[in-house]
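Undergrad: Pasting a structure here, questions to come.
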Amino acid sequence: MDEMAEDYEMGDVEDDMYEEFQGRGLGDSDSDDEEYGSLNGRATDISAAQARKGKDIQGIPWDTLNITRERYRKTRLEQYKNYENVRNSGEASEKDCKQTDKGGMYYEFQRNTRSVKSTILHFQLRNLVCATSKHDVYLMSHYSVLHWSALNGEKYEVMNVSGHIAPCEKHPGSLLEGFSQTQVSTLTVKDNLLVAGGFQGELICKFLDREGISFCCRTTYDDNAITNALEIYDSASGAVHFMSSNNDSGVRDFDMEKFQLCKHFRFQWPVNHTSLSPDAKLVVVVGDDPEGLLVDAHTGKTVHALQGHLDFSFASAWNPDGQTFATGNQDKTCRVWDIRNLSKSVSVLRGNLGAIRSIRFTSDGRFMAMAEPADFVHIFDVRSGYNKRQELDFFGEISGMSFSPDTEALFVGVWDRTYGSLLQYSRLRNYSYFDSLL
């Protein structure tokens, strides 16, 4: 499957962009402007003030290229090949989708940091960006886990997995010999805990307020071991746990107070993503099957099957209200479900060009964002019944997205050879009360 990816998503699109902007575009440019990193290796950040004056948020010099933004967007929409495990699932799902108004404006562009290169290793796994505050973001850049500060615009390396990495603490079940050259497939950070998952089932745990690595383990030694998704949560007792979804069809729950595996649920297909309900009683489980599952978080037994998607799913998220949740699929749709009636989804939302590979709700439940493999993030107004949305439109593969816990910021990682970066958006507020005082 990984080799097949060369014909889809990242492979074709990255080459297309590189040829368009590097070869035929910037190579033939009439401009000698040194601002653009494609000609001389420099990469400058783009601010909100520059964007308001008409500058492209990614720094793409459209006025010097042989193609307009509008024409290139049209070409991308026509030529982008969505990866499917079920043939024509994207076309077949279209009839179920609701029409939505994309005139919403909830988050405004704040900054594009081109000095931070957010990268991807697996074309189907796009959870490599995590915000712990509106100022603090963690992301993968090749073999480095980076922290970037929106406050001072500086980055530093939190962890490097290119060489040998091993725990400096001793805990039962921890692999003291550690790992070498770990290929990180997924990443999550919450409060002071960072957990990275690898292609061979590796799990690396680091507390950000401690030196070194705290815990390393391998979930399985199966050939099909890749760690697809991770979620950190606080248990009812207050202990910090995390849940790991793996290609060996297992979901594992680790207690990070005891550094022990405490639950292991097995399913009939590789698990690509799981999401724990706010009350920690239910888990949404999706994977290499069109049918998803809602299971009991304590026993792993199925509470209800989720029927409607036509392909494999790679994303899920709960609304903080605990009543609704969403699933994202390679059939180009995101389905919203209500636990009070799971016979069918309550909304079917469609992207523009590809699978829905990442879903996030704001902590207040007001907005839901869904990310396609490339170019588009859609932010839905939940109160409108998902009828109104804002569309973030850019160019490049999406490595991940994350709302800050206080909902004030949205960060989107963009992976591209030339224009790779970290996009930052800020929540729009209605300050009409203050305006009336002026």
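The way I read the labels, and the way they are meant: chains A, B, ... in the order of the structure tokens, residue 1 as the first residue of every chain, and ligand 1 as the first ligand shown, with later ones counted on from there.
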Run DSSP on the backbone and grab whatever in range 51-148 of chain A lands in strand (DSSP E or B); send it over as a compact mmCIF listing (two decimals) with N, CA and C atoms, in the first residue's frame.
TA:
# COMPACT_ATOMS: atom_id res chain seq x y z
N ASP A 101 -22.85 26.30 3.12
CA ASP A 101 -22.49 27.67 2.76
C ASP A 101 -21.06 27.93 3.23
N GLY A 103 -19.36 30.66 3.22
CA GLY A 103 -19.09 32.08 3.44
C GLY A 103 -18.72 32.45 4.86
N TYR A 107 -11.88 32.07 11.69
CA TYR A 107 -10.46 32.20 12.01
C TYR A 107 -9.77 32.97 10.89
N GLU A 108 -8.95 33.95 11.26
CA GLU A 108 -8.27 34.76 10.25
C GLU A 108 -6.78 34.45 10.23
N PHE A 109 -6.21 34.57 9.05
CA PHE A 109 -4.78 34.30 8.88
C PHE A 109 -3.95 35.21 9.77
N GLN A 110 -2.99 34.62 10.47
CA GLN A 110 -2.14 35.37 11.38
C GLN A 110 -0.68 35.38 10.91
N ARG A 111 -0.18 34.20 10.54
CA ARG A 111 1.22 34.12 10.14
C ARG A 111 1.51 32.81 9.43
N ASN A 112 2.43 32.86 8.48
CA ASN A 112 2.94 31.65 7.84
C ASN A 112 4.43 31.58 8.15
N THR A 113 4.81 30.58 8.94
CA THR A 113 6.21 30.43 9.34
C THR A 113 6.89 29.44 8.41
N VAL A 129 0.91 17.44 14.09
CA VAL A 129 0.97 18.81 14.60
C VAL A 129 0.09 18.89 15.86
N CYS A 130 0.64 19.38 16.97
CA CYS A 130 -0.11 19.48 18.22
C CYS A 130 0.16 20.83 18.89
N ALA A 131 -0.90 21.54 19.23
CA ALA A 131 -0.77 22.81 19.95
C ALA A 131 -1.16 22.60 21.41
N ASP A 136 2.26 27.66 21.74
CA ASP A 136 3.17 26.51 21.73
C ASP A 136 2.68 25.40 20.80
N VAL A 137 3.53 25.04 19.84
CA VAL A 137 3.17 24.01 18.87
C VAL A 137 4.31 22.99 18.78
N TYR A 138 3.93 21.72 18.68
CA TYR A 138 4.89 20.64 18.49
C TYR A 138 4.60 19.97 17.16
N LEU A 139 5.65 19.65 16.42
CA LEU A 139 5.46 19.05 15.10
C LEU A 139 6.68 18.24 14.70
N MET A 140 6.48 17.38 13.69
CA MET A 140 7.59 16.59 13.14
C MET A 140 8.21 17.34 11.98
N SER A 141 9.54 17.36 11.97
CA SER A 141 10.29 17.89 10.84
C SER A 141 11.40 16.89 10.56
N SER A 144 13.18 15.11 13.51
CA SER A 144 13.15 15.95 14.71
C SER A 144 11.72 16.25 15.15
N VAL A 145 11.51 16.17 16.47
CA VAL A 145 10.29 16.71 17.06
C VAL A 145 10.64 18.13 17.48
N LEU A 146 9.96 19.09 16.88
CA LEU A 146 10.26 20.50 17.15
C LEU A 146 9.19 21.15 18.00
N HIS A 147 9.62 22.12 18.80
CA HIS A 147 8.69 23.02 19.47
C HIS A 147 8.86 24.37 18.80
N TRP A 148 7.74 25.00 18.45
CA TRP A 148 7.78 26.34 17.88
C TRP A 148 6.94 27.26 18.73
Undergrad: One decimal, in Å: what's the spacing between CA of Arg357 in chain A and CA of Cys262 in chain A?
TA: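 Pair CA of Arg357 in chain A / CA of Cys262 in chain A returns 28.5 Å.
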Undergrad: Show which residues sit within 6 Å of Arg389 in chain A, as number ranges by chain. Count only C-alpha atoms, and ignore same-chain residues fewer than 3 positions away.
TA: A: 102, 104, 379-381
Undergrad: Put those residues in a file: all heavy atoms, as an mmCIF file, in the first residue's frame.
TA:
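See out_30.cif below for the written result:
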data_model
loop_
_atom_site.group_PDB
_atom_site.id
_atom_site.type_symbol
_atom_site.label_atom_id
_atom_site.label_comp_id
_atom_site.auth_asym_id
_atom_site.auth_seq_id
_atom_site.Cartn_x
_atom_site.Cartn_y
_atom_site.Cartn_z
ATOM 1 N N LYS A 102 -20.143 28.200 2.300
ATOM 2 C CA LYS A 102 -18.749 28.380 2.690
ATOM 3 C C LYS A 102 -18.379 29.848 2.916
ATOM 4 O O LYS A 102 -17.217 30.227 2.851
ATOM 5 C CB LYS A 102 -17.800 27.747 1.667
ATOM 6 C CG LYS A 102 -17.674 28.460 0.342
ATOM 7 C CD LYS A 102 -16.535 27.832 -0.456
ATOM 8 C CE LYS A 102 -16.289 28.615 -1.740
ATOM 9 N NZ LYS A 102 -15.150 28.071 -2.484
ATOM 10 N N GLY A 104 -18.543 31.452 5.728
ATOM 11 C CA GLY A 104 -18.222 31.748 7.123
ATOM 12 C C GLY A 104 -16.824 32.320 7.289
ATOM 13 O O GLY A 104 -15.934 32.091 6.463
ATOM 14 N N ILE A 379 -13.642 24.643 8.216
ATOM 15 C CA ILE A 379 -14.051 24.906 9.603
ATOM 16 C C ILE A 379 -15.561 25.107 9.626
ATOM 17 O O ILE A 379 -16.081 26.054 9.026
ATOM 18 C CB ILE A 379 -13.351 26.156 10.161
ATOM 19 C CG1 ILE A 379 -11.831 26.036 10.009
ATOM 20 C CG2 ILE A 379 -13.729 26.359 11.627
ATOM 21 C CD1 ILE A 379 -11.085 27.317 10.348
ATOM 22 N N PHE A 380 -16.276 24.215 10.298
ATOM 23 C CA PHE A 380 -17.733 24.252 10.327
ATOM 24 C C PHE A 380 -18.233 24.892 11.617
ATOM 25 O O PHE A 380 -17.694 24.652 12.706
ATOM 26 C CB PHE A 380 -18.311 22.840 10.230
ATOM 27 C CG PHE A 380 -18.150 22.214 8.869
ATOM 28 C CD1 PHE A 380 -16.984 21.532 8.541
ATOM 29 C CD2 PHE A 380 -19.153 22.315 7.921
ATOM 30 C CE1 PHE A 380 -16.824 20.961 7.297
ATOM 31 C CE2 PHE A 380 -19.005 21.745 6.659
ATOM 32 C CZ PHE A 380 -17.831 21.071 6.346
ATOM 33 N N ASP A 381 -19.282 25.688 11.469
ATOM 34 C CA ASP A 381 -19.986 26.246 12.618
ATOM 35 C C ASP A 381 -20.954 25.171 13.109
ATOM 36 O O ASP A 381 -21.953 24.867 12.453
ATOM 37 C CB ASP A 381 -20.743 27.511 12.189
ATOM 38 C CG ASP A 381 -21.477 28.176 13.348
ATOM 39 O OD1 ASP A 381 -21.571 27.569 14.432
ATOM 40 O OD2 ASP A 381 -21.979 29.295 13.162
#
Undergrad: Closest to Thr299 in chain A among A:Val251, A:Ala229, A:Leu349, A:Ala236, using only C-alpha atoms?
TA: A:Val251
Undergrad: For range 82-98 of chain A, list every protein, DNA or RNA residue within 9 Å, evaluated using only C-alpha atoms, and leave out those in the same chain fewer than 3 positions away; present the list as a PDB file with C-alpha atoms, in the first residue's frame.
TA:
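Produced file around10.pdb, reproduced below:
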ATOM      1  CA  MET A   4       0.961   2.465  -4.244  1.00  0.00           C
ATOM      2  CA  ALA A   5       0.991   5.884  -2.630  1.00  0.00           C
ATOM      3  CA  ASP A   7       0.633   7.193  -7.685  1.00  0.00           C
ATOM      4  CA  TYR A   8      -1.571   9.215  -5.379  1.00  0.00           C
ATOM      5  CA  GLU A   9      -1.741  12.172  -3.055  1.00  0.00           C
ATOM      6  CA  GLN A 124      -2.460   8.282   5.029  1.00  0.00           C
ATOM      7  CA  ASP A 288      -9.495  -0.640   7.325  1.00  0.00           C
ATOM      8  CA  PRO A 290     -16.032   0.956   5.777  1.00  0.00           C
ATOM      9  CA  GLY A 308     -22.557   4.753   6.017  1.00  0.00           C
ATOM     10  CA  HIS A 309     -18.961   5.273   4.907  1.00  0.00           C
ATOM     11  CA  LEU A 310     -17.860   3.525   1.705  1.00  0.00           C
ATOM     12  CA  ASP A 311     -14.101   3.224   2.220  1.00  0.00           C
ATOM     13  CA  PHE A 312     -11.494   3.015   4.987  1.00  0.00           C
ATOM     14  CA  GLN A 330     -11.273   8.049   2.098  1.00  0.00           C
ATOM     15  CA  ASP A 331     -14.686   8.364   0.396  1.00  0.00           C
ATOM     16  CA  LYS A 332     -14.068  12.133   0.730  1.00  0.00           C
ATOM     17  CA  THR A 333     -16.629  12.563   3.498  1.00  0.00           C
ATOM     18  CA  SER A 347     -24.657  15.021   8.597  1.00  0.00           C
ATOM     19  CA  VAL A 348     -22.460  14.027   5.671  1.00  0.00           C
ATOM     20  CA  LEU A 349     -19.882  16.686   4.825  1.00  0.00           C
ATOM     21  CA  ARG A 350     -17.716  16.585   1.731  1.00  0.00           C
ATOM     22  CA  LEU A 353     -10.345  16.907  -3.618  1.00  0.00           C
ATOM     23  CA  GLY A 354      -9.586  14.026  -1.279  1.00  0.00           C
ATOM     24  CA  ALA A 355     -10.036  11.925   1.836  1.00  0.00           C
ATOM     25  CA  PRO A 373      -4.870  15.375   2.329  1.00  0.00           C
ATOM     26  CA  ASN A 387     -24.539  24.321   7.366  1.00  0.00           C
TER      27      ASN A 387
END
Undergrad: Compare A:Glu78, A:Asp191, A:Glu202, A:Asp321 by their minimum atom-to-atom distance to Asp338 in chain A, counting only C-alpha atoms, and give me the closest one.
TA: A:Asp321
Undergrad: Might you pull out every residue within 10 Å of Ser345 in chain A, with only C-alpha atoms counted and same-chain residues fewer than 4 positions away left off, and present them as an MDAnalysis selection string?
TA: chainID A and resid 306:309 324:327 334:339 341
Undergrad: Neighbours of Glu177 in chain A within 10 Å (only C-alpha atoms; same-chain residues fewer than 3 positions away dropped), as a PDB file with all heavy atoms, in the first residue's frame?
TA:
ATOM      1  N   HIS A 164      20.261   6.749  17.807  1.00  0.00           N
ATOM      2  CA  HIS A 164      19.794   5.867  18.870  1.00  0.00           C
ATOM      3  C   HIS A 164      19.098   6.686  19.946  1.00  0.00           C
ATOM      4  O   HIS A 164      19.557   7.763  20.322  1.00  0.00           O
ATOM      5  CB  HIS A 164      20.976   5.110  19.482  1.00  0.00           C
ATOM      6  CG  HIS A 164      20.590   4.169  20.572  1.00  0.00           C
ATOM      7  ND1 HIS A 164      20.860   4.408  21.906  1.00  0.00           N
ATOM      8  CD2 HIS A 164      19.905   2.999  20.534  1.00  0.00           C
ATOM      9  CE1 HIS A 164      20.372   3.406  22.631  1.00  0.00           C
ATOM     10  NE2 HIS A 164      19.799   2.541  21.830  1.00  0.00           N
ATOM     11  N   ILE A 165      17.977   6.162  20.412  1.00  0.00           N
ATOM     12  CA  ILE A 165      17.239   6.832  21.481  1.00  0.00           C
ATOM     13  C   ILE A 165      16.806   5.776  22.496  1.00  0.00           C
ATOM     14  O   ILE A 165      16.355   4.688  22.121  1.00  0.00           O
ATOM     15  CB  ILE A 165      16.025   7.607  20.903  1.00  0.00           C
ATOM     16  CG1 ILE A 165      15.470   8.582  21.927  1.00  0.00           C
ATOM     17  CG2 ILE A 165      14.949   6.677  20.362  1.00  0.00           C
ATOM     18  CD1 ILE A 165      14.510   9.603  21.342  1.00  0.00           C
ATOM     19  N   ALA A 166      17.002   6.064  23.782  1.00  0.00           N
ATOM     20  CA  ALA A 166      16.706   5.076  24.825  1.00  0.00           C
ATOM     21  C   ALA A 166      16.209   5.790  26.082  1.00  0.00           C
ATOM     22  O   ALA A 166      16.549   6.954  26.322  1.00  0.00           O
ATOM     23  CB  ALA A 166      17.958   4.254  25.150  1.00  0.00           C
ATOM     24  N   PRO A 167      15.404   5.101  26.883  1.00  0.00           N
ATOM     25  CA  PRO A 167      14.885   5.734  28.107  1.00  0.00           C
ATOM     26  C   PRO A 167      15.981   5.900  29.156  1.00  0.00           C
ATOM     27  O   PRO A 167      16.872   5.052  29.288  1.00  0.00           O
ATOM     28  CB  PRO A 167      13.800   4.757  28.571  1.00  0.00           C
ATOM     29  CG  PRO A 167      14.212   3.438  28.004  1.00  0.00           C
ATOM     30  CD  PRO A 167      14.873   3.740  26.691  1.00  0.00           C
ATOM     31  N   SER A 174       9.586  -1.360  29.937  1.00  0.00           N
ATOM     32  CA  SER A 174      10.271  -0.380  29.097  1.00  0.00           C
ATOM     33  C   SER A 174      11.482  -1.022  28.437  1.00  0.00           C
ATOM     34  O   SER A 174      12.234  -1.770  29.081  1.00  0.00           O
ATOM     35  CB  SER A 174      10.710   0.820  29.933  1.00  0.00           C
ATOM     36  OG  SER A 174      11.251   1.839  29.116  1.00  0.00           O
ATOM     37  N   SER A 180      16.554   2.689  17.216  1.00  0.00           N
ATOM     38  CA  SER A 180      17.447   3.420  16.318  1.00  0.00           C
ATOM     39  C   SER A 180      16.696   3.821  15.060  1.00  0.00           C
ATOM     40  O   SER A 180      15.905   3.034  14.526  1.00  0.00           O
ATOM     41  CB  SER A 180      18.664   2.571  15.942  1.00  0.00           C
ATOM     42  OG  SER A 180      19.467   2.331  17.075  1.00  0.00           O
ATOM     43  N   CYS A 216      10.031   3.700  26.717  1.00  0.00           N
ATOM     44  CA  CYS A 216      10.011   3.193  25.342  1.00  0.00           C
ATOM     45  C   CYS A 216       9.449   1.780  25.349  1.00  0.00           C
ATOM     46  O   CYS A 216       9.788   0.983  26.233  1.00  0.00           O
ATOM     47  CB  CYS A 216      11.415   3.125  24.745  1.00  0.00           C
ATOM     48  SG  CYS A 216      12.142   4.700  24.296  1.00  0.00           S
ATOM     49  N   CYS A 217       8.618   1.471  24.373  1.00  0.00           N
ATOM     50  CA  CYS A 217       8.162   0.094  24.233  1.00  0.00           C
ATOM     51  C   CYS A 217       7.740  -0.145  22.788  1.00  0.00           C
ATOM     52  O   CYS A 217       7.552   0.803  22.021  1.00  0.00           O
ATOM     53  CB  CYS A 217       7.023  -0.234  25.196  1.00  0.00           C
ATOM     54  SG  CYS A 217       5.431   0.473  24.743  1.00  0.00           S
TER      55      CYS A 217
END
Undergrad: Find the distance between CA of Asn224 in chain A and CA of Cys168 in chain A and write it in Å to one decimal.
TA: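 These atoms are spaced 28.3 Å apart.
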